[in-house]
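Peer 1: My structure is in data-v7.cif, and what it holds is mmCIF, C-alpha atoms:
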```cif
data_start
loop_
_atom_site.label_atom_id
_atom_site.label_comp_id
_atom_site.auth_asym_id
_atom_site.auth_seq_id
_atom_site.Cartn_x
_atom_site.Cartn_y
_atom_site.Cartn_z
CA MET Y 1 84.96 99.44 101.74
CA ALA Y 2 84.66 99.73 97.96
CA GLY Y 3 87.86 99.05 96.09
CA TRP Y 4 89.49 96.53 98.39
CA ASN Y 5 88.94 93.18 100.10
CA PRO Y 6 90.65 91.74 103.19
CA ALA Y 7 93.06 88.86 102.58
CA ARG Y 8 92.83 85.46 104.24
CA ALA Y 9 93.20 85.49 108.03
CA ILE Y 10 92.51 89.24 108.13
CA ALA Y 11 89.49 90.58 109.99
CA VAL Y 12 87.96 94.04 109.65
CA VAL Y 13 86.34 95.83 112.57
CA ARG Y 14 83.72 98.39 111.54
CA LEU Y 15 82.87 100.74 114.38
CA LYS Y 16 79.52 102.38 114.99
CA SER Y 17 81.37 105.58 115.86
CA THR Y 18 84.57 106.62 114.07
CA GLY Y 19 85.42 108.69 117.13
CA LEU Y 20 86.37 105.46 118.90
CA ARG Y 21 88.78 104.30 116.18
CA THR Y 22 92.04 105.70 117.55
CA TYR Y 23 91.06 104.91 121.12
CA LEU Y 24 90.20 101.28 120.33
CA LYS Y 25 93.42 100.84 118.35
CA ALA Y 26 95.38 102.16 121.34
CA VAL Y 27 93.59 99.74 123.67
CA LEU Y 28 94.17 96.69 121.46
CA GLU Y 29 97.85 97.53 120.92
CA SER Y 30 98.50 98.09 124.63
CA ALA Y 31 99.94 95.44 126.92
CA ALA Y 32 96.53 95.06 128.58
CA GLY Y 33 94.84 94.61 125.19
CA LYS Y 34 97.36 92.00 124.12
CA HIS Y 35 96.77 90.18 127.42
CA LEU Y 36 93.02 90.10 126.73
CA ILE Y 37 93.64 88.73 123.23
CA ASP Y 38 96.15 86.12 124.43
CA ALA Y 39 93.57 84.87 126.93
CA VAL Y 40 91.15 83.85 124.14
CA LEU Y 41 93.67 82.58 121.57
CA ASN Y 42 93.20 79.09 120.21
CA THR Y 43 96.66 77.49 120.20
CA THR Y 44 95.76 73.88 119.32
CA VAL Y 45 97.57 73.96 115.95
CA GLN Y 46 98.56 77.59 115.46
CA LYS Y 47 97.50 80.81 117.12
CA THR Y 48 94.04 81.80 115.87
CA LEU Y 49 91.31 84.17 117.05
CA ASN Y 50 87.61 83.40 116.93
CA LEU Y 51 85.63 86.42 115.70
CA LYS Y 52 83.01 85.83 118.41
CA ASP Y 53 85.74 86.13 121.05
CA ILE Y 54 86.87 89.43 119.52
CA ARG Y 55 83.31 90.80 119.79
CA ASN Y 56 83.22 89.83 123.47
CA LEU Y 57 86.55 91.37 124.51
CA PRO Y 58 85.94 93.54 127.60
CA ILE Y 59 87.18 96.96 126.46
CA PRO Y 60 87.29 99.75 129.08
CA VAL Y 61 85.13 102.66 127.96
CA PRO Y 62 85.72 105.86 129.98
CA PRO Y 63 83.62 109.01 129.58
CA PRO Y 64 83.61 110.55 126.06
CA TRP Y 65 85.78 113.52 127.02
CA ILE Y 66 88.49 111.14 128.29
CA ILE Y 67 88.27 109.07 125.11
CA ARG Y 68 88.69 112.22 123.02
CA GLY Y 69 91.71 113.29 125.07
CA ILE Y 70 93.41 109.89 124.81
CA SER Y 71 92.65 109.67 121.08
CA SER Y 72 94.06 113.14 120.46
CA PHE Y 73 97.18 112.29 122.48
CA ALA Y 74 97.68 109.00 120.56
CA GLU Y 75 97.13 110.65 117.17
CA ALA Y 76 99.66 113.37 117.97
CA LEU Y 77 102.28 110.73 118.82
CA ILE Y 78 101.47 108.68 115.72
CA ASP Y 79 101.77 111.77 113.50
CA ARG Y 80 105.04 112.80 115.14
CA ILE Y 81 106.56 109.34 114.68
CA ALA Y 82 105.34 109.17 111.06
CA LEU Y 83 106.85 112.59 110.28
CA LEU Y 84 110.23 111.52 111.68
CA ARG Y 85 110.20 108.37 109.57
CA GLU Y 86 109.10 110.20 106.43
CA THR Y 87 111.87 112.76 106.94
CA ASN Y 88 114.41 109.95 107.29
CA VAL Y 89 113.21 108.36 104.05
CA THR Y 90 113.70 111.69 102.27
CA LEU Y 91 117.18 112.26 103.74
CA GLU Y 92 118.32 108.76 102.79
CA ALA Y 93 116.93 109.21 99.28
CA VAL Y 94 119.03 112.38 98.90
CA ALA Y 95 122.19 110.52 99.96
CA GLN Y 96 121.45 107.60 97.65
CA ALA Y 97 120.70 109.89 94.72
CA LEU Y 98 124.06 111.65 95.16
CA PHE Y 99 125.91 108.33 95.24
CA LYS Y 100 124.08 107.12 92.14
CA SER Y 101 124.87 110.33 90.25
CA TRP Y 102 128.57 110.32 91.13
CA PHE Y 103 129.49 106.62 91.33
CA VAL Y 104 126.92 104.66 89.31
CA ASP Y 105 125.77 106.93 86.48
CA PHE Y 106 129.03 108.98 86.53
CA ASP Y 107 127.11 112.16 85.69
CA PRO Y 108 130.04 114.56 86.36
CA VAL Y 109 132.33 112.55 84.07
CA ARG Y 110 129.73 112.47 81.29
CA ALA Y 111 129.21 116.22 81.68
CA LYS Y 112 132.92 116.86 81.17
CA ILE Y 113 133.03 114.61 78.11
CA GLU Y 114 130.16 116.64 76.62
CA GLY Y 115 131.89 119.92 77.46
CA ARG Y 116 129.42 120.84 80.20
CA VAL Y 117 130.12 121.97 83.76
CA PRO Y 118 129.11 119.26 86.27
CA GLU Y 119 125.99 120.32 88.13
CA GLY Y 120 125.51 120.67 91.87
CA MET Y 121 129.14 121.08 92.89
CA ASP Y 122 131.88 123.67 93.20
CA GLU Y 123 134.97 123.83 90.99
CA ALA Y 124 137.15 122.00 93.52
CA THR Y 125 134.78 119.04 93.63
CA ALA Y 126 134.33 119.02 89.84
CA ALA Y 127 138.12 118.88 89.44
CA LEU Y 128 138.15 115.54 91.28
CA PHE Y 129 136.31 113.83 88.42
CA PRO Y 130 138.20 112.79 85.27
CA GLY Y 131 137.06 113.67 81.76
CA GLY Y 132 136.90 110.16 80.29
CA PHE Y 133 136.36 106.43 80.81
CA GLU Y 134 138.50 103.31 80.59
CA GLU Y 135 137.82 99.59 80.50
CA SER Y 136 137.96 97.51 83.70
CA GLU Y 137 136.73 94.14 84.94
CA LEU Y 138 133.56 95.98 85.99
CA GLY Y 139 133.12 97.50 82.52
CA LEU Y 140 133.63 101.17 81.68
CA VAL Y 141 134.73 103.20 84.70
CA PRO Y 142 136.09 106.75 85.06
CA SER Y 143 139.72 107.04 84.02
CA GLY Y 144 142.18 106.47 86.85
CA TRP Y 145 139.65 104.85 89.18
CA ARG Y 146 140.71 101.48 90.53
CA VAL Y 147 138.90 98.21 90.96
CA ASP Y 148 139.97 96.53 94.21
CA ALA Y 149 138.94 93.72 96.50
CA ILE Y 150 136.79 94.76 99.48
CA GLY Y 151 139.39 93.39 101.90
CA LYS Y 152 141.93 96.02 100.83
CA PHE Y 153 140.09 99.01 102.23
CA VAL Y 154 138.44 97.72 105.41
CA GLU Y 155 139.93 96.96 108.80
CA GLY Y 156 138.12 93.64 108.99
CA ILE Y 157 135.02 91.56 108.26
CA TYR Y 158 133.59 89.56 111.16
CA ASP Y 159 130.63 87.36 111.97
CA GLY Y 160 129.03 86.69 115.32
CA PRO Y 161 128.61 83.47 117.32
CA HIS Y 162 126.57 80.82 115.53
CA ALA Y 163 124.04 80.46 118.32
CA THR Y 164 121.32 82.34 120.18
CA PRO Y 165 121.79 83.58 123.76
CA SER Y 166 119.26 83.53 126.57
CA GLU Y 167 116.77 86.38 126.31
CA ALA Y 168 116.63 89.16 128.89
CA ASP Y 169 114.06 91.85 129.69
CA GLU Y 170 116.70 94.56 129.29
CA GLY Y 171 120.35 94.96 128.45
CA PRO Y 172 122.40 95.08 125.23
CA ILE Y 173 120.60 94.46 121.94
CA PHE Y 174 120.98 91.13 120.16
CA LEU Y 175 120.73 92.13 116.51
CA GLY Y 176 118.76 89.83 114.25
CA ILE Y 177 117.92 89.75 110.57
CA LYS Y 178 114.45 91.01 111.49
CA ASN Y 179 116.08 94.29 112.61
CA LEU Y 180 117.50 94.99 109.12
CA THR Y 181 115.21 96.91 106.77
CA GLY Y 182 117.40 96.79 103.66
CA SER Y 183 119.43 99.94 104.22
CA GLY Y 184 118.91 100.61 107.93
CA LEU Y 185 118.03 99.20 111.34
CA ASP Y 186 114.58 98.98 112.89
CA LEU Y 187 115.04 98.72 116.66
CA GLY Y 188 111.34 98.97 117.46
CA GLU Y 189 111.25 95.33 118.55
CA VAL Y 190 114.53 93.93 119.81
CA ARG Y 191 115.84 90.97 121.72
CA HIS Y 192 118.00 91.77 124.74
CA ILE Y 193 120.81 89.73 126.30
CA HIS Y 194 121.98 89.61 129.92
CA GLU Y 195 124.92 91.77 130.91
CA ASN Y 196 126.68 88.62 132.09
CA ASP Y 197 126.57 87.30 128.50
CA TRP Y 198 127.96 90.50 126.93
CA ALA Y 199 131.63 89.43 126.91
CA GLN Y 200 130.83 86.09 125.32
CA TRP Y 201 128.70 87.53 122.51
CA THR Y 202 131.17 90.28 121.65
CA ARG Y 203 134.24 88.04 121.82
CA ARG Y 204 134.80 88.26 118.05
CA ILE Y 205 133.73 91.87 117.56
CA THR Y 206 131.92 94.64 119.42
CA PRO Y 207 129.83 96.66 116.95
CA CYS Y 208 130.58 100.40 117.05
CA HIS Y 209 129.08 103.52 115.50
CA GLY Y 210 130.00 103.61 111.81
CA ASP Y 211 130.40 99.85 111.42
CA ILE Y 212 128.35 98.24 108.65
CA VAL Y 213 126.28 95.18 109.53
CA PHE Y 214 124.84 92.90 106.86
CA SER Y 215 123.04 89.60 106.40
CA TYR Y 216 124.83 86.72 104.68
CA GLU Y 217 122.17 83.99 104.94
CA ALA Y 218 118.43 83.77 104.24
CA THR Y 219 117.62 87.47 103.68
CA LEU Y 220 120.52 88.63 101.53
CA GLY Y 221 121.71 92.05 100.46
CA PHE Y 222 120.57 93.96 103.57
CA PHE Y 223 123.12 96.43 104.98
CA ALA Y 224 122.89 98.98 107.80
CA LEU Y 225 125.11 101.49 109.56
CA ILE Y 226 125.39 101.05 113.32
CA PRO Y 227 123.90 104.23 114.87
CA PRO Y 228 125.61 106.20 117.65
CA GLU Y 229 125.23 104.98 121.23
CA THR Y 230 123.82 101.62 120.17
CA ARG Y 231 125.12 98.85 122.42
CA CYS Y 232 124.58 95.66 120.48
CA CYS Y 233 126.05 92.34 119.43
CA LEU Y 234 125.73 90.35 116.22
CA GLY Y 235 123.03 87.76 115.88
CA ARG Y 236 123.03 84.63 113.77
CA ARG Y 237 123.50 85.04 110.02
CA LEU Y 238 124.81 88.58 110.47
CA ALA Y 239 128.31 89.86 109.74
CA LEU Y 240 130.04 93.18 110.26
CA ILE Y 241 132.33 95.29 108.09
CA ARG Y 242 134.60 97.74 109.89
CA PRO Y 243 135.67 100.47 107.44
CA ASN Y 244 139.14 101.92 107.73
CA GLN Y 245 138.82 104.51 110.50
CA LYS Y 246 141.74 106.66 109.28
CA SER Y 247 140.37 107.20 105.77
CA GLY Y 248 136.87 108.01 107.03
CA ASP Y 249 135.13 106.54 103.99
CA GLY Y 250 132.51 104.50 105.81
CA HIS Y 251 129.49 106.21 104.28
CA PHE Y 252 130.92 105.79 100.79
CA TRP Y 253 131.36 102.03 101.23
CA PHE Y 254 127.95 101.64 102.84
CA HIS Y 255 126.30 103.34 99.88
CA GLN Y 256 128.30 101.21 97.46
CA PHE Y 257 127.04 98.05 99.19
CA ILE Y 258 123.36 99.06 98.93
CA ALA Y 259 123.66 100.38 95.36
CA PRO Y 260 122.31 98.24 92.47
CA PRO Y 261 125.74 97.27 90.97
CA PHE Y 262 126.93 95.65 94.21
CA GLN Y 263 123.52 94.08 94.85
CA ARG Y 264 123.77 92.43 91.42
CA LEU Y 265 127.29 91.25 92.30
CA LEU Y 266 125.97 89.66 95.50
CA ASP Y 267 123.21 87.96 93.55
CA LYS Y 268 125.82 86.56 91.16
CA HIS Y 269 127.78 85.08 94.10
CA THR Y 270 124.76 83.78 96.00
CA ILE Y 271 124.85 80.08 96.86
CA HIS Y 272 121.34 78.70 96.44
CA GLY Y 273 120.67 76.06 99.09
CA ALA Y 274 117.85 73.63 99.75
CA THR Y 275 116.68 75.58 102.81
CA VAL Y 276 118.27 79.04 102.65
CA ASN Y 277 120.43 81.02 100.26
CA ARG Y 278 123.74 82.34 101.51
CA ILE Y 279 126.88 84.25 100.67
CA ALA Y 280 130.21 82.57 101.38
CA LEU Y 281 131.55 84.92 104.03
CA LYS Y 282 135.15 83.81 103.41
CA GLU Y 283 134.86 84.98 99.80
CA PHE Y 284 133.28 88.34 100.63
CA PRO Y 285 136.63 90.19 101.17
CA SER Y 286 137.76 89.14 97.67
CA LEU Y 287 134.76 90.63 95.84
CA SER Y 288 135.82 93.39 93.44
CA VAL Y 289 134.35 96.87 93.81
CA LEU Y 290 134.97 100.31 92.35
CA ASN Y 291 137.50 102.32 94.34
CA PRO Y 292 137.62 106.03 93.39
CA PRO Y 293 140.43 108.35 94.57
CA GLY Y 294 140.54 109.04 98.30
CA ALA Y 295 139.82 112.76 97.96
CA LEU Y 296 136.58 112.06 96.10
CA LYS Y 297 135.44 109.45 98.61
CA ALA Y 298 136.18 111.89 101.43
CA THR Y 299 134.20 114.63 99.66
CA PHE Y 300 131.21 112.31 99.32
CA ASP Y 301 131.44 111.33 102.99
CA ASN Y 302 131.54 114.98 104.02
CA ARG Y 303 128.37 115.58 102.01
CA VAL Y 304 126.32 112.69 103.36
CA ALA Y 305 127.62 112.39 106.94
CA PRO Y 306 125.35 115.26 108.15
CA LEU Y 307 122.38 113.55 106.47
CA TRP Y 308 123.06 110.30 108.26
CA ARG Y 309 123.57 112.14 111.54
CA ARG Y 310 120.06 113.57 111.16
CA ILE Y 311 118.72 110.15 110.14
CA HIS Y 312 120.14 108.52 113.25
CA GLU Y 313 118.80 111.34 115.43
CA GLY Y 314 115.37 110.87 113.86
CA GLN Y 315 115.52 107.12 114.43
CA ALA Y 316 116.40 107.62 118.08
CA GLN Y 317 113.56 110.12 118.57
CA ALA Y 318 111.06 107.80 116.86
CA GLN Y 319 112.15 104.89 119.07
CA THR Y 320 111.84 107.05 122.19
CA LEU Y 321 108.37 108.24 121.18
CA THR Y 322 107.27 104.69 120.40
CA ALA Y 323 108.49 103.45 123.78
CA LEU Y 324 106.75 106.34 125.57
CA ARG Y 325 103.54 105.70 123.62
CA ASP Y 326 103.57 102.03 124.58
CA ALA Y 327 104.27 102.87 128.22
CA LEU Y 328 101.91 105.82 128.68
CA LEU Y 329 98.76 104.78 126.76
CA PRO Y 330 97.95 101.75 128.96
CA ARG Y 331 98.23 103.93 132.07
CA LEU Y 332 96.01 106.59 130.49
CA ILE Y 333 93.42 103.98 129.52
CA SER Y 334 93.40 102.44 133.01
CA GLY Y 335 93.17 105.86 134.68
CA GLN Y 336 96.50 105.51 136.46
CA LEU Y 337 97.88 108.55 134.64
CA ARG Y 338 96.37 111.92 133.87
CA LEU Y 339 96.68 113.35 130.36
CA PRO Y 340 98.57 116.53 131.44
CA ASP Y 341 101.16 114.35 133.20
CA ALA Y 342 101.57 112.16 130.10
CA LYS Y 343 102.14 115.22 127.92
CA ALA Y 344 104.66 116.55 130.44
CA GLN Y 345 106.63 113.28 130.23
CA ILE Y 346 106.78 113.56 126.45
CA GLU Y 347 108.06 117.14 126.57
CA GLN Y 348 110.55 116.28 129.31
CA ALA Y 349 112.00 113.45 127.21
CA PHE Y 350 112.84 115.92 124.42
CA ALA Y 351 113.73 118.95 126.52
#
```
Just dump the structure as structure tokens.
Peer 2:
Amino acid sequence: MAGWNPARAIAVVRLKSTGLRTYLKAVLESAAGKHLIDAVLNTTVQKTLNLKDIRNLPIPVPPPWIIRGISSFAEALIDRIALLRETNVTLEAVAQALFKSWFVDFDPVRAKIEGRVPEGMDEATAALFPGGFEESELGLVPSGWRVDAIGKFVEGIYDGPHATPSEADEGPIFLGIKNLTGSGLDLGEVRHIHENDWAQWTRRITPCHGDIVFSYEATLGFFALIPPETRCCLGRRLALIRPNQKSGDGHFWFHQFIAPPFQRLLDKHTIHGATVNRIALKEFPSLSVLNPPGALKATFDNRVAPLWRRIHEGQAQAQTLTALRDALLPRLISGQLRLPDAKAQIEQAFA
């Protein structure tokens, strides 16, 4: 343990055998493990665990060969989920780097000014960039590029009902701020609403693939693209931007919103309150942003759309694997499911 110390309210479990580590983690994270922990929680003031109660938790311990099999199965799932997430981080970084080069640093324009050929693009794409800059309300921008209000190039900006619906065990997803990661959605833990409530909670807008959801209170500056086949409604303090469907520039505008210049603009327009900070949603459509020619925006979208398609596919696979892990491990631990059958269910899900 040299080199680090646990923070307050953090306990460290040191095992006699490291071979039990993955197995014990799987047990404690399972529904049965959480039930055991809930049974000994002290809830007088806030939820706390007594270390003596942790030591006395009745953990099922099957024969060693079963423990090894379950541990190997859990590790394989953990590694597979981690690889998907790492790949998504890399793909998003590529898309963000391209946006920064073209629309923040203006690398192709600077290359032309210096008499160089813009890197990483064909002649047709290079021809879309001008060879100079001009002054604008946003400072120096490429010649001929416009500065427009957000409301001019989107179909609409909407917010959801200012309330919270009854929770359901399954059904459409009720998006919350906790589901926004900054530039994406984490649907690992979601709140569901009843089907009977669907019409009420989508009365203002029904989120669709390609829409951009963002937070306008409390946690500010978080944006995310709605993935394909995601049936959801807006939660409190969330709003939605619907890009113009005909122009097909949704990825461009999403990347502009998460880029540093727009994040600084949001910070400038943030209303600092006594309890939470917020953005005046009525003023959002009037915020000025850089608006390059349509052909260039379309070229950027064509470049990054395949990346985001792979990102969304990776997210869906990671969510499926996580759900299968959470469903299968408790049954393996209890002996209700054999390891070959669990592996077969994993393979079947991705056949």
Peer 1: I'd like the neighbourhood of Trp308 (chain Y) as an mmCIF file with C-alpha atoms, keeping the file's coordinate frame, where a residue qualifies if any of its atoms comes within 10 Å (using all atoms listed in the file), though same-chain residues fewer than 2 positions away should be ignored.
Peer 2:
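Result saved to part-v5.cif:
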```cif
data_model
loop_
_atom_site.group_PDB
_atom_site.id
_atom_site.type_symbol
_atom_site.label_atom_id
_atom_site.label_comp_id
_atom_site.auth_asym_id
_atom_site.auth_seq_id
_atom_site.Cartn_x
_atom_site.Cartn_y
_atom_site.Cartn_z
ATOM 1 C CA ASN Y 88 114.410 109.950 107.290
ATOM 2 C CA LEU Y 91 117.180 112.260 103.740
ATOM 3 C CA GLU Y 92 118.320 108.760 102.790
ATOM 4 C CA ALA Y 95 122.190 110.520 99.960
ATOM 5 C CA LEU Y 225 125.110 101.490 109.560
ATOM 6 C CA PRO Y 227 123.900 104.230 114.870
ATOM 7 C CA HIS Y 251 129.490 106.210 104.280
ATOM 8 C CA ASP Y 301 131.440 111.330 102.990
ATOM 9 C CA ARG Y 303 128.370 115.580 102.010
ATOM 10 C CA VAL Y 304 126.320 112.690 103.360
ATOM 11 C CA ALA Y 305 127.620 112.390 106.940
ATOM 12 C CA PRO Y 306 125.350 115.260 108.150
ATOM 13 C CA ARG Y 310 120.060 113.570 111.160
ATOM 14 C CA ILE Y 311 118.720 110.150 110.140
ATOM 15 C CA HIS Y 312 120.140 108.520 113.250
ATOM 16 C CA GLU Y 313 118.800 111.340 115.430
ATOM 17 C CA GLY Y 314 115.370 110.870 113.860
#
```
Peer 1: Calculate how many Å separate CA of Ile78 (chain Y) from CA of Gln317 (chain Y), rounding to one decimal.
Peer 2: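 CA of Gln317 (chain Y) lies at a distance of 12.5 Å from CA of Ile78 (chain Y).
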Peer 1: In Å to one decimal, how far is CA of Ile67 (chain Y) from CA of Ala11 (chain Y)?
Peer 2: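 CA of Ile67 (chain Y) lies at a distance of 23.9 Å from CA of Ala11 (chain Y).
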Peer 1: Output the residue selection produced by the PyMOL selection byres ((chain Y and resi 325) around 10) on the file above, formatted as a list of chain:residue names.
Peer 2: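 Applied to this file, the PyMOL selection byres ((chain Y and resi 325) around 10) returns Y:Ala26, Y:Ser30, Y:Phe73, Y:Ala74, Y:Leu77, Y:Ile78, Y:Gln319, Y:Thr320, Y:Leu321, Y:Thr322, Y:Ala323, Y:Leu324, Y:Asp326, Y:Ala327, Y:Leu328, Y:Leu329, Y:Pro330, Y:Ala342, Y:Ile346.
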Peer 1: Quick one: distance from CA of Leu41 (chain Y) to CA of Arg14 (chain Y) in Å, one decimal?
Peer 2: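 Going from CA of Leu41 (chain Y) over to CA of Arg14 (chain Y), I get 21.2 Å.
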Peer 1: Can you pull out the residues contacting region 185-200 of chain Y? Cut-off 8 Å, using all atoms listed in the file, and skip same-chain residues under 5 positions away; I want them as number ranges by chain.
Peer 2: Y: 165-175, 179-180, 224-226, 233, 319, 322
Peer 1: Evaluate the PyMOL selection byres ((chain Y and resi 214) around 6) and record the selected residues as a list in words, following the chain and residue labels used in the document.
Peer 2: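 Those residues are Val213, Ser215, Phe222, Phe223, Leu238 and Ala239 of chain Y.
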Peer 1: Find the nearest atom pair between each residue of region 135-195 of chain Y and region 287-295 of chain Y for residues within 12 Å, count all atoms listed in the file, give distances in Å to one decimal, sort rows by chain and ascending number, and present the table as a Markdown table.
Peer 2:
```
| residue | atom | partner | partner_atom | distance |
| --- | --- | --- | --- | --- |
| Y:Ser136 | CA | Y:Leu290 | CA | 9.6 |
| Y:Glu137 | CA | Y:Ser288 | CA | 8.6 |
| Y:Leu138 | CA | Y:Leu290 | CA | 7.8 |
| Y:Gly139 | CA | Y:Leu290 | CA | 10.4 |
| Y:Leu140 | CA | Y:Leu290 | CA | 10.8 |
| Y:Val141 | CA | Y:Leu290 | CA | 8.2 |
| Y:Pro142 | CA | Y:Pro292 | CA | 8.5 |
| Y:Ser143 | CA | Y:Pro292 | CA | 9.7 |
| Y:Gly144 | CA | Y:Pro292 | CA | 8.0 |
| Y:Trp145 | CA | Y:Pro292 | CA | 4.8 |
| Y:Arg146 | CA | Y:Asn291 | CA | 5.1 |
| Y:Val147 | CA | Y:Leu290 | CA | 4.7 |
| Y:Asp148 | CA | Y:Ser288 | CA | 5.3 |
| Y:Ala149 | CA | Y:Ser288 | CA | 4.4 |
| Y:Ile150 | CA | Y:Leu287 | CA | 5.9 |
| Y:Gly151 | CA | Y:Leu287 | CA | 8.1 |
| Y:Lys152 | CA | Y:Ser288 | CA | 9.9 |
| Y:Phe153 | CA | Y:Asn291 | CA | 8.9 |
```
Peer 1: What lies within 12 Å of Lys268 (chain Y) using all atoms listed in the file, ignoring chain neighbours under 6 positions off, as a list of chain:residue names?
Peer 2: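 Final neighbour list, sorted by chain and number: Y:Leu220, Y:Gly221, Y:Pro261, Y:Phe262, Y:Asn277, Y:Arg278, Y:Ile279, Y:Ala280, Y:Leu287.
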Peer 1: Could you list the residues chosen by the PyMOL selection byres ((chain Y and resi 96-105) around 8) in this structure as a PyMOL selection string?
Peer 2: chain Y and resi 92-95+106-108+252+255-256+259+261+300
Peer 1: How would the residues just chosen look if you wrote them out with C-alpha atoms as a PDB file, keeping the file's coordinate frame?
Peer 2:
```
ATOM      1  CA  GLU Y  92     118.320 108.760 102.790  1.00  0.00           C
ATOM      2  CA  ALA Y  93     116.930 109.210  99.280  1.00  0.00           C
ATOM      3  CA  VAL Y  94     119.030 112.380  98.900  1.00  0.00           C
ATOM      4  CA  ALA Y  95     122.190 110.520  99.960  1.00  0.00           C
ATOM      5  CA  PHE Y 106     129.030 108.980  86.530  1.00  0.00           C
ATOM      6  CA  ASP Y 107     127.110 112.160  85.690  1.00  0.00           C
ATOM      7  CA  PRO Y 108     130.040 114.560  86.360  1.00  0.00           C
ATOM      8  CA  PHE Y 252     130.920 105.790 100.790  1.00  0.00           C
ATOM      9  CA  HIS Y 255     126.300 103.340  99.880  1.00  0.00           C
ATOM     10  CA  GLN Y 256     128.300 101.210  97.460  1.00  0.00           C
ATOM     11  CA  ALA Y 259     123.660 100.380  95.360  1.00  0.00           C
ATOM     12  CA  PRO Y 261     125.740  97.270  90.970  1.00  0.00           C
ATOM     13  CA  PHE Y 300     131.210 112.310  99.320  1.00  0.00           C
TER      14      PHE Y 300
END
```
Peer 1: Since the input is missing atoms, can you rebuild N, CA and C atoms for region 136-152 of chain Y and write them as a PDB file, keeping the file's coordinate frame?
Peer 2:
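Here's the written file selection.pdb:
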```pdb
ATOM      1  N   SER Y 136     137.543  98.209  82.489  1.00  0.00           N
ATOM      2  CA  SER Y 136     137.960  97.510  83.700  1.00  0.00           C
ATOM      3  C   SER Y 136     137.185  96.206  83.778  1.00  0.00           C
ATOM      4  N   GLU Y 137     137.467  95.408  84.783  1.00  0.00           N
ATOM      5  CA  GLU Y 137     136.730  94.140  84.940  1.00  0.00           C
ATOM      6  C   GLU Y 137     135.271  94.393  85.294  1.00  0.00           C
ATOM      7  N   LEU Y 138     134.949  95.624  85.691  1.00  0.00           N
ATOM      8  CA  LEU Y 138     133.560  95.980  85.990  1.00  0.00           C
ATOM      9  C   LEU Y 138     132.914  96.693  84.808  1.00  0.00           C
ATOM     10  N   GLY Y 139     133.627  96.763  83.668  1.00  0.00           N
ATOM     11  CA  GLY Y 139     133.120  97.500  82.520  1.00  0.00           C
ATOM     12  C   GLY Y 139     133.766  98.874  82.437  1.00  0.00           C
ATOM     13  N   LEU Y 140     133.102  99.818  81.785  1.00  0.00           N
ATOM     14  CA  LEU Y 140     133.630 101.170  81.680  1.00  0.00           C
ATOM     15  C   LEU Y 140     133.542 101.884  83.018  1.00  0.00           C
ATOM     16  N   VAL Y 141     134.681 102.432  83.462  1.00  0.00           N
ATOM     17  CA  VAL Y 141     134.730 103.200  84.700  1.00  0.00           C
ATOM     18  C   VAL Y 141     135.501 104.481  84.434  1.00  0.00           C
ATOM     19  N   PRO Y 142     135.335 105.507  85.251  1.00  0.00           N
ATOM     20  CA  PRO Y 142     136.090 106.750  85.060  1.00  0.00           C
ATOM     21  C   PRO Y 142     137.599 106.504  85.028  1.00  0.00           C
ATOM     22  N   SER Y 143     138.274 107.212  84.185  1.00  0.00           N
ATOM     23  CA  SER Y 143     139.720 107.040  84.020  1.00  0.00           C
ATOM     24  C   SER Y 143     140.450 107.260  85.344  1.00  0.00           C
ATOM     25  N   GLY Y 144     141.365 106.344  85.649  1.00  0.00           N
ATOM     26  CA  GLY Y 144     142.180 106.470  86.850  1.00  0.00           C
ATOM     27  C   GLY Y 144     141.553 105.867  88.097  1.00  0.00           C
ATOM     28  N   TRP Y 145     140.286 105.482  88.021  1.00  0.00           N
ATOM     29  CA  TRP Y 145     139.650 104.850  89.180  1.00  0.00           C
ATOM     30  C   TRP Y 145     140.033 103.372  89.207  1.00  0.00           C
ATOM     31  N   ARG Y 146     140.248 102.858  90.394  1.00  0.00           N
ATOM     32  CA  ARG Y 146     140.710 101.480  90.530  1.00  0.00           C
ATOM     33  C   ARG Y 146     139.554 100.533  90.808  1.00  0.00           C
ATOM     34  N   VAL Y 147     139.800  99.281  90.543  1.00  0.00           N
ATOM     35  CA  VAL Y 147     138.900  98.210  90.960  1.00  0.00           C
ATOM     36  C   VAL Y 147     139.688  97.333  91.916  1.00  0.00           C
ATOM     37  N   ASP Y 148     139.236  97.257  93.173  1.00  0.00           N
ATOM     38  CA  ASP Y 148     139.970  96.530  94.210  1.00  0.00           C
ATOM     39  C   ASP Y 148     139.050  95.561  94.946  1.00  0.00           C
ATOM     40  N   ALA Y 149     139.688  94.644  95.650  1.00  0.00           N
ATOM     41  CA  ALA Y 149     138.940  93.720  96.500  1.00  0.00           C
ATOM     42  C   ALA Y 149     138.503  94.453  97.770  1.00  0.00           C
ATOM     43  N   ILE Y 150     137.331  94.114  98.276  1.00  0.00           N
ATOM     44  CA  ILE Y 150     136.790  94.760  99.480  1.00  0.00           C
ATOM     45  C   ILE Y 150     137.796  94.705 100.624  1.00  0.00           C
ATOM     46  N   GLY Y 151     138.478  93.578 100.767  1.00  0.00           N
ATOM     47  CA  GLY Y 151     139.390  93.390 101.900  1.00  0.00           C
ATOM     48  C   GLY Y 151     140.528  94.383 101.957  1.00  0.00           C
ATOM     49  N   LYS Y 152     140.804  95.086 100.853  1.00  0.00           N
ATOM     50  CA  LYS Y 152     141.930  96.020 100.830  1.00  0.00           C
ATOM     51  C   LYS Y 152     141.648  97.343 101.528  1.00  0.00           C
TER      52      LYS Y 152
END
```
